[in-house]
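Shown next: work34.json, containing JSON, C-alpha atoms.
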```json
[["chain", "number", "residue", "atom", "x", "y", "z"],
["N", 17, "MET", "CA", -9.31, -87.38, -100.91],
["N", 18, "ILE", "CA", -5.70, -86.73, -99.92],
["N", 19, "ASN", "CA", -6.69, -83.80, -97.73],
["N", 20, "HIS", "CA", -9.31, -85.93, -96.01],
["N", 21, "ASP", "CA", -6.78, -88.66, -95.19],
["N", 22, "TYR", "CA", -4.30, -86.14, -93.90],
["N", 23, "ARG", "CA", -6.88, -84.61, -91.60],
["N", 24, "CYS", "CA", -7.82, -88.02, -90.17],
["N", 25, "GLU", "CA", -4.21, -88.79, -89.36],
["N", 26, "HIS", "CA", -3.74, -85.39, -87.85],
["N", 27, "GLU", "CA", -6.70, -85.83, -85.55],
["N", 28, "GLY", "CA", -5.31, -89.19, -84.51],
["N", 29, "ILE", "CA", -2.10, -87.56, -83.35],
["N", 30, "GLU", "CA", -3.87, -84.86, -81.39],
["N", 31, "GLN", "CA", -5.68, -87.38, -79.21],
["N", 32, "TYR", "CA", -2.72, -87.83, -76.91],
["N", 33, "VAL", "CA", -2.70, -90.85, -74.64],
["N", 34, "PRO", "CA", -0.01, -91.15, -71.94],
["N", 35, "GLY", "CA", 2.54, -93.81, -72.88],
["N", 36, "ASP", "CA", 1.43, -93.70, -76.50],
["N", 37, "ASP", "CA", 4.98, -93.11, -77.66],
["N", 38, "VAL", "CA", 6.60, -95.69, -75.40],
["N", 39, "ILE", "CA", 4.39, -98.77, -75.82],
["N", 40, "PRO", "CA", 5.01, -99.23, -79.60],
["N", 41, "PHE", "CA", 8.73, -99.32, -78.80],
["N", 42, "ILE", "CA", 8.53, -102.71, -77.03],
["N", 43, "PRO", "CA", 6.94, -104.90, -79.75],
["N", 44, "THR", "CA", 9.07, -103.25, -82.44],
["N", 45, "ALA", "CA", 12.29, -103.91, -80.50],
["N", 46, "VAL", "CA", 11.30, -107.52, -79.74],
["N", 47, "PHE", "CA", 10.41, -108.16, -83.38],
["N", 48, "ALA", "CA", 13.65, -106.61, -84.66],
["N", 49, "PHE", "CA", 15.68, -108.64, -82.16],
["N", 50, "ALA", "CA", 13.92, -111.88, -83.16],
["N", 51, "VAL", "CA", 14.63, -111.24, -86.85],
["N", 52, "TYR", "CA", 18.27, -110.47, -86.03],
["N", 53, "LEU", "CA", 18.55, -113.72, -84.06],
["N", 54, "LEU", "CA", 17.09, -115.68, -86.97],
["N", 55, "LEU", "CA", 19.53, -114.11, -89.42],
["N", 56, "THR", "CA", 22.61, -114.77, -87.31],
["N", 57, "ALA", "CA", 21.80, -118.23, -85.89],
["N", 58, "GLY", "CA", 24.64, -120.70, -86.28],
["N", 59, "GLY", "CA", 27.41, -118.15, -86.16],
["N", 60, "GLY", "CA", 28.79, -118.78, -82.65],
["N", 61, "ASP", "CA", 29.43, -121.16, -79.79],
["N", 62, "LEU", "CA", 27.02, -119.84, -77.10],
["N", 63, "GLY", "CA", 24.13, -122.11, -78.00],
["N", 64, "VAL", "CA", 24.06, -121.13, -81.63],
["N", 65, "TRP", "CA", 24.78, -117.44, -81.15],
["N", 66, "SER", "CA", 28.00, -115.71, -80.11],
["N", 67, "PRO", "CA", 27.86, -113.15, -77.24],
["N", 68, "SER", "CA", 29.02, -110.29, -79.44],
["N", 69, "GLU", "CA", 26.21, -111.05, -81.90],
["N", 70, "LEU", "CA", 23.62, -110.97, -79.11],
["N", 71, "LEU", "CA", 24.92, -107.62, -77.85],
["N", 72, "MET", "CA", 25.02, -106.14, -81.35],
["N", 73, "GLY", "CA", 21.51, -107.47, -82.04],
["N", 74, "ALA", "CA", 20.16, -105.84, -78.88],
["N", 75, "VAL", "CA", 21.76, -102.48, -79.72],
["N", 76, "LEU", "CA", 20.48, -102.59, -83.31],
["N", 77, "ALA", "CA", 16.99, -103.65, -82.17],
["N", 78, "VAL", "CA", 16.80, -100.62, -79.84],
["N", 79, "ILE", "CA", 17.95, -98.27, -82.61],
["N", 80, "ALA", "CA", 15.56, -99.80, -85.16],
["N", 81, "ALA", "CA", 12.67, -99.61, -82.70],
["N", 82, "ALA", "CA", 13.42, -95.97, -81.86],
["N", 83, "VAL", "CA", 13.35, -95.06, -85.54],
["N", 84, "SER", "CA", 10.48, -97.20, -86.83],
["N", 85, "ARG", "CA", 8.06, -97.72, -83.91],
["N", 86, "ASN", "CA", 5.46, -95.29, -85.25],
["N", 87, "PHE", "CA", 5.53, -97.01, -88.61],
["N", 88, "PHE", "CA", 5.45, -100.58, -87.27],
["N", 89, "CYS", "CA", 2.59, -99.89, -84.81],
["N", 90, "LYS", "CA", 0.85, -97.25, -86.89],
["N", 91, "ASN", "CA", -2.67, -98.12, -85.73],
["N", 92, "ARG", "CA", -1.68, -98.77, -82.10],
["N", 93, "ASP", "CA", -3.09, -102.24, -82.63],
["N", 94, "TYR", "CA", -1.30, -104.91, -80.61],
["N", 95, "ARG", "CA", -3.44, -107.97, -81.35],
["N", 96, "MET", "CA", -0.54, -109.60, -83.24],
["N", 97, "ALA", "CA", 1.48, -109.66, -80.00],
["N", 98, "ASN", "CA", -0.54, -112.75, -79.09],
["N", 99, "PRO", "CA", 1.62, -115.83, -79.90],
["N", 100, "VAL", "CA", -1.49, -117.96, -80.59],
["N", 101, "ARG", "CA", -2.13, -115.84, -83.69],
["N", 102, "TRP", "CA", 1.41, -116.54, -84.94],
["N", 103, "ILE", "CA", 0.90, -120.29, -84.44],
["N", 104, "ILE", "CA", -2.38, -120.16, -86.40],
["N", 105, "LEU", "CA", -0.57, -118.15, -89.09],
["N", 106, "ALA", "CA", 2.15, -120.82, -89.35],
["N", 107, "VAL", "CA", -0.46, -123.63, -89.58],
["N", 108, "TYR", "CA", -2.41, -121.61, -92.14],
["N", 109, "VAL", "CA", 0.65, -121.09, -94.35],
["N", 110, "VAL", "CA", 1.79, -124.71, -94.20],
["N", 111, "VAL", "CA", -1.55, -126.54, -94.61],
["N", 112, "PRO", "CA", -4.44, -124.76, -96.40],
["N", 113, "PHE", "CA", -2.35, -122.12, -98.13],
["N", 114, "PHE", "CA", 0.24, -124.52, -99.48],
["N", 115, "ILE", "CA", -2.39, -127.00, -100.71],
["N", 116, "GLU", "CA", -4.30, -124.22, -102.47],
["N", 117, "MET", "CA", -1.06, -123.01, -103.99],
["N", 118, "ALA", "CA", -0.22, -126.44, -105.37],
["N", 119, "LYS", "CA", -3.73, -126.62, -106.81],
["N", 120, "ALA", "CA", -3.34, -123.16, -108.34],
["N", 121, "ASN", "CA", -0.19, -124.24, -110.11],
["N", 122, "VAL", "CA", -1.75, -127.34, -111.60],
["N", 123, "ASP", "CA", -4.69, -125.15, -112.65],
["N", 124, "VAL", "CA", -2.46, -122.54, -114.31],
["N", 125, "ALA", "CA", -0.40, -125.28, -115.97],
["N", 126, "TYR", "CA", -3.63, -126.69, -117.41],
["N", 127, "ARG", "CA", -4.69, -123.27, -118.71],
["N", 128, "VAL", "CA", -1.24, -122.52, -120.12],
["N", 129, "ILE", "CA", -1.37, -125.73, -122.13],
["N", 130, "THR", "CA", -5.02, -125.70, -123.22],
["N", 131, "GLY", "CA", -5.62, -121.93, -123.37],
["N", 132, "ARG", "CA", -9.11, -122.25, -121.85],
["N", 133, "ILE", "CA", -9.65, -118.92, -120.08],
["N", 134, "ARG", "CA", -12.64, -116.71, -119.31],
["N", 135, "PRO", "CA", -11.10, -113.69, -117.57],
["N", 136, "GLY", "CA", -12.63, -110.63, -115.91],
["N", 137, "ILE", "CA", -12.42, -108.35, -112.91],
["N", 138, "VAL", "CA", -15.04, -108.78, -110.16],
["N", 139, "ARG", "CA", -15.71, -106.95, -106.93],
["N", 140, "MET", "CA", -15.32, -109.16, -103.87],
["N", 141, "GLN", "CA", -16.73, -108.42, -100.47],
["N", 142, "THR", "CA", -14.38, -109.24, -97.59],
["N", 143, "GLY", "CA", -16.00, -107.77, -94.48],
["N", 144, "PHE", "CA", -12.58, -107.26, -92.85],
["N", 145, "THR", "CA", -11.74, -104.25, -90.74],
["N", 146, "THR", "CA", -7.96, -104.34, -90.22],
["N", 147, "ASP", "CA", -5.26, -103.56, -92.78],
["N", 148, "LEU", "CA", -3.35, -106.72, -91.93],
["N", 149, "SER", "CA", -6.25, -109.06, -92.65],
["N", 150, "VAL", "CA", -6.97, -107.38, -95.98],
["N", 151, "LEU", "CA", -3.27, -107.68, -96.85],
["N", 152, "LEU", "CA", -3.23, -111.36, -95.91],
["N", 153, "LEU", "CA", -6.35, -112.13, -97.93],
["N", 154, "ALA", "CA", -5.16, -110.12, -100.94],
["N", 155, "ASN", "CA", -1.79, -111.85, -100.97],
["N", 156, "SER", "CA", -3.31, -115.27, -100.31],
["N", 157, "ILE", "CA", -5.74, -115.08, -103.19],
["N", 158, "THR", "CA", -3.08, -113.71, -105.52],
["N", 159, "LEU", "CA", -1.14, -116.94, -105.02],
["N", 160, "THR", "CA", -4.15, -119.28, -105.13],
["N", 161, "PRO", "CA", -6.37, -120.63, -107.91],
["N", 162, "GLY", "CA", -7.44, -118.29, -110.65],
["N", 163, "THR", "CA", -7.43, -115.01, -108.73],
["N", 164, "LEU", "CA", -5.24, -111.90, -108.74],
["N", 165, "THR", "CA", -5.91, -108.80, -106.68],
["N", 166, "VAL", "CA", -5.97, -105.70, -108.86],
["N", 167, "GLY", "CA", -7.42, -103.04, -106.58],
["N", 168, "ILE", "CA", -8.77, -102.29, -103.12],
["N", 169, "ASP", "CA", -11.66, -100.06, -102.15],
["N", 170, "GLU", "CA", -10.08, -98.40, -99.14],
["N", 171, "GLU", "CA", -13.40, -97.37, -97.57],
["N", 172, "THR", "CA", -15.22, -100.71, -97.61],
["N", 173, "ASN", "CA", -12.10, -102.96, -97.82],
["N", 174, "ASP", "CA", -13.61, -104.64, -100.88],
["N", 175, "LEU", "CA", -11.14, -106.23, -103.26],
["N", 176, "PHE", "CA", -11.18, -105.99, -107.06],
["N", 177, "VAL", "CA", -10.09, -109.42, -108.17],
["N", 178, "HIS", "CA", -9.05, -110.51, -111.63],
["N", 179, "MET", "CA", -10.25, -114.07, -112.13],
["N", 180, "ILE", "CA", -8.79, -116.13, -114.93],
["N", 181, "ASN", "CA", -11.80, -118.40, -115.32],
["N", 182, "ILE", "CA", -15.09, -116.91, -114.15],
["N", 183, "ARG", "CA", -17.84, -119.50, -113.83],
["N", 184, "PRO", "CA", -20.77, -118.61, -116.08],
["N", 185, "GLY", "CA", -23.28, -116.57, -114.04],
["N", 186, "VAL", "CA", -20.85, -115.18, -111.49],
["N", 187, "GLU", "CA", -20.11, -112.13, -113.64],
["N", 188, "GLU", "CA", -23.77, -111.07, -113.35],
["N", 189, "LYS", "CA", -23.44, -110.29, -109.63],
["N", 190, "SER", "CA", -22.33, -106.77, -108.78],
["N", 191, "VAL", "CA", -20.55, -107.96, -105.63],
["N", 192, "VAL", "CA", -19.31, -111.53, -105.36],
["N", 193, "ASP", "CA", -18.70, -113.41, -102.16],
["N", 194, "THR", "CA", -15.41, -115.00, -101.13],
["N", 195, "GLY", "CA", -17.15, -118.35, -101.60],
["N", 196, "ASP", "CA", -17.22, -117.76, -105.36],
["N", 197, "ILE", "CA", -13.48, -118.36, -105.71],
["N", 198, "ASN", "CA", -12.51, -121.93, -106.39],
["N", 199, "ALA", "CA", -10.98, -122.79, -103.02],
["N", 200, "TRP", "CA", -11.43, -125.88, -100.91],
["N", 201, "PHE", "CA", -10.49, -124.06, -97.73],
["N", 202, "ARG", "CA", -12.24, -121.01, -96.38],
["N", 203, "PHE", "CA", -9.50, -118.37, -96.33],
["N", 204, "PRO", "CA", -11.58, -115.60, -94.70],
["N", 205, "ALA", "CA", -12.35, -117.81, -91.70],
["N", 206, "TRP", "CA", -8.66, -118.59, -91.21],
["N", 207, "ILE", "CA", -7.59, -114.98, -91.64],
["N", 208, "ARG", "CA", -10.28, -113.79, -89.25],
["N", 209, "ARG", "CA", -8.75, -116.03, -86.59],
["N", 210, "ILE", "CA", -5.27, -114.66, -87.33],
["N", 211, "ALA", "CA", -5.76, -110.95, -87.72],
["N", 212, "GLU", "CA", -9.26, -109.81, -86.65],
["Y", 18, "MET", "CA", 21.67, -141.34, -101.47],
["Y", 19, "ILE", "CA", 17.99, -140.82, -100.66],
["Y", 20, "VAL", "CA", 18.80, -137.21, -99.83],
["Y", 21, "ASP", "CA", 20.35, -136.71, -103.25],
["Y", 22, "ALA", "CA", 17.27, -138.17, -104.91],
["Y", 23, "VAL", "CA", 14.95, -135.89, -102.89],
["Y", 24, "ILE", "CA", 17.05, -132.85, -103.79],
["Y", 25, "LEU", "CA", 16.95, -133.79, -107.47],
["Y", 26, "ILE", "CA", 13.16, -134.27, -107.39],
["Y", 27, "PHE", "CA", 12.65, -130.89, -105.69],
["Y", 28, "LEU", "CA", 14.91, -129.16, -108.21],
["Y", 29, "ALA", "CA", 13.12, -130.84, -111.11],
["Y", 30, "VAL", "CA", 9.66, -129.83, -109.82],
["Y", 31, "GLY", "CA", 10.88, -126.28, -109.22],
["Y", 32, "LEU", "CA", 12.35, -125.93, -112.68],
["Y", 33, "LEU", "CA", 9.27, -127.48, -114.29],
["Y", 34, "PHE", "CA", 6.95, -124.88, -112.73],
["Y", 35, "ASN", "CA", 9.31, -121.99, -113.45],
["Y", 36, "THR", "CA", 9.38, -123.12, -117.09],
["Y", 37, "LEU", "CA", 5.57, -123.27, -117.15],
["Y", 38, "GLY", "CA", 5.53, -119.66, -115.93],
["Y", 39, "VAL", "CA", 7.66, -118.62, -118.88],
["Y", 40, "VAL", "CA", 5.45, -120.54, -121.32],
["Y", 41, "GLY", "CA", 2.42, -118.83, -119.71],
["Y", 42, "ILE", "CA", 3.90, -115.38, -120.34],
["Y", 43, "LEU", "CA", 4.31, -116.29, -124.01],
["Y", 44, "ARG", "CA", 0.86, -117.85, -124.44],
["Y", 45, "PHE", "CA", -1.58, -115.70, -122.46],
["Y", 46, "PRO", "CA", -3.21, -112.72, -124.18],
["Y", 47, "ASP", "CA", -3.03, -109.74, -121.79],
["Y", 48, "VAL", "CA", -1.08, -108.40, -118.83],
["Y", 49, "TYR", "CA", -3.43, -109.76, -116.13],
["Y", 50, "THR", "CA", -3.57, -113.34, -117.36],
["Y", 51, "ARG", "CA", 0.21, -113.23, -117.85],
["Y", 52, "LEU", "CA", 0.60, -112.11, -114.25],
["Y", 53, "HIS", "CA", -1.52, -115.11, -113.20],
["Y", 54, "ALA", "CA", 0.87, -117.49, -114.92],
["Y", 55, "GLU", "CA", 3.97, -115.72, -113.78],
["Y", 56, "THR", "CA", 3.33, -115.07, -110.08],
["Y", 57, "LYS", "CA", 1.81, -118.40, -109.08],
["Y", 58, "THR", "CA", 4.16, -120.70, -110.93],
["Y", 59, "THR", "CA", 7.39, -118.84, -110.16],
["Y", 60, "THR", "CA", 6.55, -118.61, -106.45],
["Y", 61, "PHE", "CA", 5.69, -122.28, -106.26],
["Y", 62, "GLY", "CA", 8.70, -123.34, -108.33],
["Y", 63, "THR", "CA", 11.09, -121.24, -106.30],
["Y", 64, "ILE", "CA", 9.65, -122.64, -103.06],
["Y", 65, "PHE", "CA", 10.64, -126.09, -104.30],
["Y", 66, "ILE", "CA", 14.13, -124.93, -105.27],
["Y", 67, "GLY", "CA", 14.39, -123.41, -101.77],
["Y", 68, "LEU", "CA", 13.21, -126.73, -100.29],
["Y", 69, "ALA", "CA", 16.00, -128.50, -102.16],
["Y", 70, "VAL", "CA", 18.49, -126.10, -100.59],
["Y", 71, "VAL", "CA", 16.94, -126.66, -97.13],
["Y", 72, "VAL", "CA", 17.16, -130.45, -97.49],
["Y", 73, "TYR", "CA", 20.80, -130.13, -98.55],
["Y", 74, "GLY", "CA", 21.59, -127.79, -95.65],
["Y", 75, "VAL", "CA", 19.86, -130.00, -93.05],
["Y", 76, "SER", "CA", 21.59, -133.15, -94.32],
["Y", 77, "ARG", "CA", 25.01, -131.46, -94.16],
["Y", 78, "LEU", "CA", 24.15, -129.99, -90.74],
["Y", 79, "SER", "CA", 23.25, -133.39, -89.28],
["Y", 80, "GLY", "CA", 26.38, -134.88, -90.87],
["Y", 81, "SER", "CA", 28.95, -132.33, -89.80],
["Y", 82, "GLY", "CA", 27.28, -130.29, -87.03],
["Y", 83, "ASP", "CA", 28.81, -127.17, -88.55],
["Y", 84, "GLY", "CA", 26.91, -123.99, -87.59],
["Y", 85, "GLU", "CA", 27.42, -122.57, -91.06],
["Y", 86, "TYR", "CA", 24.80, -124.93, -92.45],
["Y", 87, "LEU", "CA", 22.24, -123.76, -89.89],
["Y", 88, "THR", "CA", 22.79, -120.16, -91.05],
["Y", 89, "PHE", "CA", 22.53, -121.34, -94.64],
["Y", 90, "THR", "CA", 19.22, -123.17, -94.04],
["Y", 91, "LEU", "CA", 17.63, -120.35, -92.04],
["Y", 92, "HIS", "CA", 18.62, -117.75, -94.61],
["Y", 93, "THR", "CA", 17.05, -119.83, -97.36],
["Y", 94, "ILE", "CA", 13.80, -120.13, -95.40],
["Y", 95, "ILE", "CA", 13.72, -116.37, -94.81],
["Y", 96, "ALA", "CA", 14.43, -115.75, -98.50],
["Y", 97, "VAL", "CA", 11.55, -118.04, -99.53],
["Y", 98, "VAL", "CA", 9.10, -116.35, -97.12],
["Y", 99, "ALA", "CA", 10.20, -112.91, -98.35],
["Y", 100, "LEU", "CA", 9.84, -114.07, -101.94],
["Y", 101, "ALA", "CA", 6.30, -115.37, -101.42],
["Y", 102, "PHE", "CA", 5.26, -112.09, -99.81],
["Y", 103, "THR", "CA", 6.93, -109.74, -102.27],
["Y", 104, "ASN", "CA", 5.85, -111.76, -105.30],
["Y", 105, "ALA", "CA", 2.18, -111.43, -104.39],
["Y", 106, "THR", "CA", 2.54, -107.76, -103.46],
["Y", 107, "GLY", "CA", 4.55, -107.03, -106.60],
["Y", 108, "ALA", "CA", 1.97, -108.73, -108.80],
["Y", 109, "HIS", "CA", -0.74, -106.61, -107.19],
["Y", 110, "ALA", "CA", 1.35, -103.46, -107.76],
["Y", 111, "ILE", "CA", 1.92, -104.29, -111.43],
["Y", 112, "ALA", "CA", -1.77, -105.15, -111.98],
["Y", 113, "ARG", "CA", -2.91, -101.96, -110.24],
["Y", 114, "ALA", "CA", -0.44, -99.82, -112.19],
["Y", 115, "ALA", "CA", -1.53, -101.45, -115.45],
["Y", 116, "HIS", "CA", -5.20, -100.77, -114.72],
["Y", 117, "ARG", "CA", -4.54, -97.18, -113.64],
["Y", 118, "SER", "CA", -2.57, -96.48, -116.80],
["Y", 119, "GLY", "CA", -5.54, -97.56, -118.89],
["Y", 120, "GLN", "CA", -4.63, -101.13, -119.74],
["Y", 121, "ARG", "CA", -8.00, -102.91, -119.82],
["Y", 122, "PRO", "CA", -8.22, -106.70, -119.58],
["Y", 123, "ALA", "CA", -8.38, -107.56, -123.27],
["Y", 124, "PRO", "CA", -10.62, -110.63, -123.38],
["Y", 125, "ALA", "CA", -12.87, -110.06, -120.37],
["Y", 126, "VAL", "CA", -16.44, -110.94, -119.54],
["Y", 127, "VAL", "CA", -16.71, -108.24, -116.86],
["Y", 128, "ASP", "CA", -14.63, -105.35, -115.46],
["Y", 129, "ARG", "CA", -16.09, -103.96, -112.22],
["Y", 130, "LEU", "CA", -13.06, -101.81, -111.45],
["Y", 131, "ALA", "CA", -13.45, -99.79, -114.65],
["Y", 132, "GLU", "CA", -17.18, -99.35, -113.84],
["Y", 133, "VAL", "CA", -16.30, -97.92, -110.43],
["Y", 134, "LYS", "CA", -13.79, -95.50, -111.93],
["Y", 135, "GLU", "CA", -16.28, -94.20, -114.48],
["Y", 136, "GLU", "CA", -18.82, -93.22, -111.82]]
```
Please lay out the structure from this file as structure tokens.
Amino acid sequence: MINHDYRCEHEGIEQYVPGDDVIPFIPTAVFAFAVYLLLTAGGGDLGVWSPSELLMGAVLAVIAAAVSRNFFCKNRDYRMANPVRWIILAVYVVVPFFIEMAKANVDVAYRVITGRIRPGIVRMQTGFTTDLSVLLLANSITLTPGTLTVGIDEETNDLFVHMINIRPGVEEKSVVDTGDINAWFRFPAWIRRIAE
Amino acid sequence: MIVDAVILIFLAVGLLFNTLGVVGILRFPDVYTRLHAETKTTTFGTIFIGLAVVVYGVSRLSGSGDGEYLTFTLHTIIAVVALAFTNATGAHAIARAAHRSGQRPAPAVVDRLAEVKEE
């Protein structure tokens, strides 16, 4: 398994594309600079930043991008450079995600007090292709009602989900659908818009 | 005055859910159900404590116009986002490690992950 993965990566490197080393530099530097600006806002008199902070941020962003560009843009996938996806992500976090999270907490509080649980680990089909969307879904359902991601099948991107209260009948299915979790909002549809 | 009341309510909600997380750890039977109680409630509770800090920072910022409070507010928001992300990822890491080291969900109606491993 490890040898197989190594070979795949190796083949990826051999397919050399001109500019392949330079293009990842730009989004990484921009992202690092934006994070630096967020962390230092309010420290100066030029708008909210001081000139020395801006200069230092630019220098650090270039250094960070030079070091980490191949890690940050590992798959050479630049779809997250589209600002619309970031806006959808912000809306997703504030509205459906937060509501589901509030619901999850009331649900867990109820189960803590009454002790009514019916736990088990099920296999859930996601149908996603990118690492980022699987990460978003896994983290989202860990923080939402009755579900906790335990494992990932790296070939099919299926998730193994521990559910605290499986509805009777659902455990019979070998592969459950994302609709079988107790959510009002359809997370996969949102995440597909953000990261697919 | 209203700001103080809002801050108090946010702090109370945050502490209530963090306390529920602790009670959940004590009451639930195995590692996975305990993780359920612990990750969800502590993330949610800490988001509310962070919100209390943000409300305080914004009210002081609009009162004094001091840039320090903007830094304070933004840092709290970044800390809350980082917490939500790392809490979910950490819970997944603990659950995965527990399953790999042979800890089976103790009361469980089904365990598909163990079935896959046995094949």
Provide as a list in words the residues of chain N at most 6 Å from chain Y, counting all atoms listed in the file.
-> Ala57, Gly58, Asn121, Val128, Pro135, Gly136, Ile137, Val138, Asn155, Thr158, Leu159, Thr165, Val166 and Gly167 of chain N
Within 8 Å of Leu28 in chain Y, counting all atoms listed in the file, which residues qualify if same-chain residues fewer than 4 places away don't, as a ChimeraX atom specification?
-> /Y:24,32,65-66,69
Just the selected residues (C-alpha atoms), exported as an mmCIF file, keeping the file's coordinate frame, please.
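Final output, saved to again05.cif:
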```cif
data_model
loop_
_atom_site.group_PDB
_atom_site.id
_atom_site.type_symbol
_atom_site.label_atom_id
_atom_site.label_comp_id
_atom_site.auth_asym_id
_atom_site.auth_seq_id
_atom_site.Cartn_x
_atom_site.Cartn_y
_atom_site.Cartn_z
ATOM 1 C CA ILE Y 24 17.050 -132.850 -103.790
ATOM 2 C CA LEU Y 32 12.350 -125.930 -112.680
ATOM 3 C CA PHE Y 65 10.640 -126.090 -104.300
ATOM 4 C CA ILE Y 66 14.130 -124.930 -105.270
ATOM 5 C CA ALA Y 69 16.000 -128.500 -102.160
#
```
Point-to-point distance from CA of Met140 in chain N to CA of Asn98 in chain N, Å rounded to tenths = 29.1 Å
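You will find CA of Val122 in chain N at 13.1 Å from CA of Thr36 in chain Y.
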One-decimal distance in Å that lies between CA of Val48 in chain Y and CA of His178 in chain N = 10.9 Å
Residue with smallest distance to Thr172 in chain N - pool N:Arg139, N:Arg202, N:Lys189, N:Lys119, counting only C-alpha atoms = N:Arg139
Start from the incomplete input, build N, CA, C and O atoms for range 44-56 of chain N, and deliver everything as a PDB file, keeping the file's coordinate frame.
```pdb
ATOM      1  N   THR N  44       8.167-103.468 -81.305  1.00  0.00           N
ATOM      2  CA  THR N  44       9.070-103.250 -82.440  1.00  0.00           C
ATOM      3  C   THR N  44      10.466-103.766 -82.117  1.00  0.00           C
ATOM      4  O   THR N  44      11.104-104.438 -82.930  1.00  0.00           O
ATOM      5  N   ALA N  45      10.950-103.462 -80.892  1.00  0.00           N
ATOM      6  CA  ALA N  45      12.290-103.910 -80.500  1.00  0.00           C
ATOM      7  C   ALA N  45      12.340-105.431 -80.428  1.00  0.00           C
ATOM      8  O   ALA N  45      13.302-106.054 -80.905  1.00  0.00           O
ATOM      9  N   VAL N  46      11.307-106.055 -79.856  1.00  0.00           N
ATOM     10  CA  VAL N  46      11.300-107.520 -79.740  1.00  0.00           C
ATOM     11  C   VAL N  46      11.299-108.152 -81.120  1.00  0.00           C
ATOM     12  O   VAL N  46      12.047-109.103 -81.398  1.00  0.00           O
ATOM     13  N   PHE N  47      10.485-107.604 -82.031  1.00  0.00           N
ATOM     14  CA  PHE N  47      10.410-108.160 -83.380  1.00  0.00           C
ATOM     15  C   PHE N  47      11.753-108.021 -84.101  1.00  0.00           C
ATOM     16  O   PHE N  47      12.249-108.971 -84.716  1.00  0.00           O
ATOM     17  N   ALA N  48      12.364-106.836 -83.989  1.00  0.00           N
ATOM     18  CA  ALA N  48      13.650-106.610 -84.660  1.00  0.00           C
ATOM     19  C   ALA N  48      14.709-107.552 -84.104  1.00  0.00           C
ATOM     20  O   ALA N  48      15.514-108.117 -84.858  1.00  0.00           O
ATOM     21  N   PHE N  49      14.696-107.750 -82.782  1.00  0.00           N
ATOM     22  CA  PHE N  49      15.680-108.640 -82.160  1.00  0.00           C
ATOM     23  C   PHE N  49      15.474-110.078 -82.626  1.00  0.00           C
ATOM     24  O   PHE N  49      16.448-110.784 -82.925  1.00  0.00           O
ATOM     25  N   ALA N  50      14.205-110.505 -82.716  1.00  0.00           N
ATOM     26  CA  ALA N  50      13.920-111.880 -83.160  1.00  0.00           C
ATOM     27  C   ALA N  50      14.415-112.085 -84.587  1.00  0.00           C
ATOM     28  O   ALA N  50      15.014-113.121 -84.904  1.00  0.00           O
ATOM     29  N   VAL N  51      14.178-111.101 -85.458  1.00  0.00           N
ATOM     30  CA  VAL N  51      14.630-111.240 -86.850  1.00  0.00           C
ATOM     31  C   VAL N  51      16.145-111.292 -86.904  1.00  0.00           C
ATOM     32  O   VAL N  51      16.737-112.092 -87.628  1.00  0.00           O
ATOM     33  N   TYR N  52      16.798-110.460 -86.061  1.00  0.00           N
ATOM     34  CA  TYR N  52      18.270-110.470 -86.030  1.00  0.00           C
ATOM     35  C   TYR N  52      18.786-111.829 -85.577  1.00  0.00           C
ATOM     36  O   TYR N  52      19.736-112.370 -86.141  1.00  0.00           O
ATOM     37  N   LEU N  53      18.133-112.403 -84.556  1.00  0.00           N
ATOM     38  CA  LEU N  53      18.550-113.720 -84.060  1.00  0.00           C
ATOM     39  C   LEU N  53      18.405-114.781 -85.154  1.00  0.00           C
ATOM     40  O   LEU N  53      19.282-115.630 -85.330  1.00  0.00           O
ATOM     41  N   LEU N  54      17.296-114.711 -85.886  1.00  0.00           N
ATOM     42  CA  LEU N  54      17.090-115.680 -86.970  1.00  0.00           C
ATOM     43  C   LEU N  54      18.196-115.567 -88.025  1.00  0.00           C
ATOM     44  O   LEU N  54      18.714-116.562 -88.512  1.00  0.00           O
ATOM     45  N   LEU N  55      18.566-114.311 -88.339  1.00  0.00           N
ATOM     46  CA  LEU N  55      19.530-114.110 -89.420  1.00  0.00           C
ATOM     47  C   LEU N  55      20.929-114.532 -89.016  1.00  0.00           C
ATOM     48  O   LEU N  55      21.744-114.872 -89.871  1.00  0.00           O
ATOM     49  N   THR N  56      21.234-114.497 -87.718  1.00  0.00           N
ATOM     50  CA  THR N  56      22.610-114.770 -87.310  1.00  0.00           C
ATOM     51  C   THR N  56      22.753-116.114 -86.614  1.00  0.00           C
ATOM     52  O   THR N  56      23.827-116.415 -86.097  1.00  0.00           O
TER      53      THR N  56
END
```
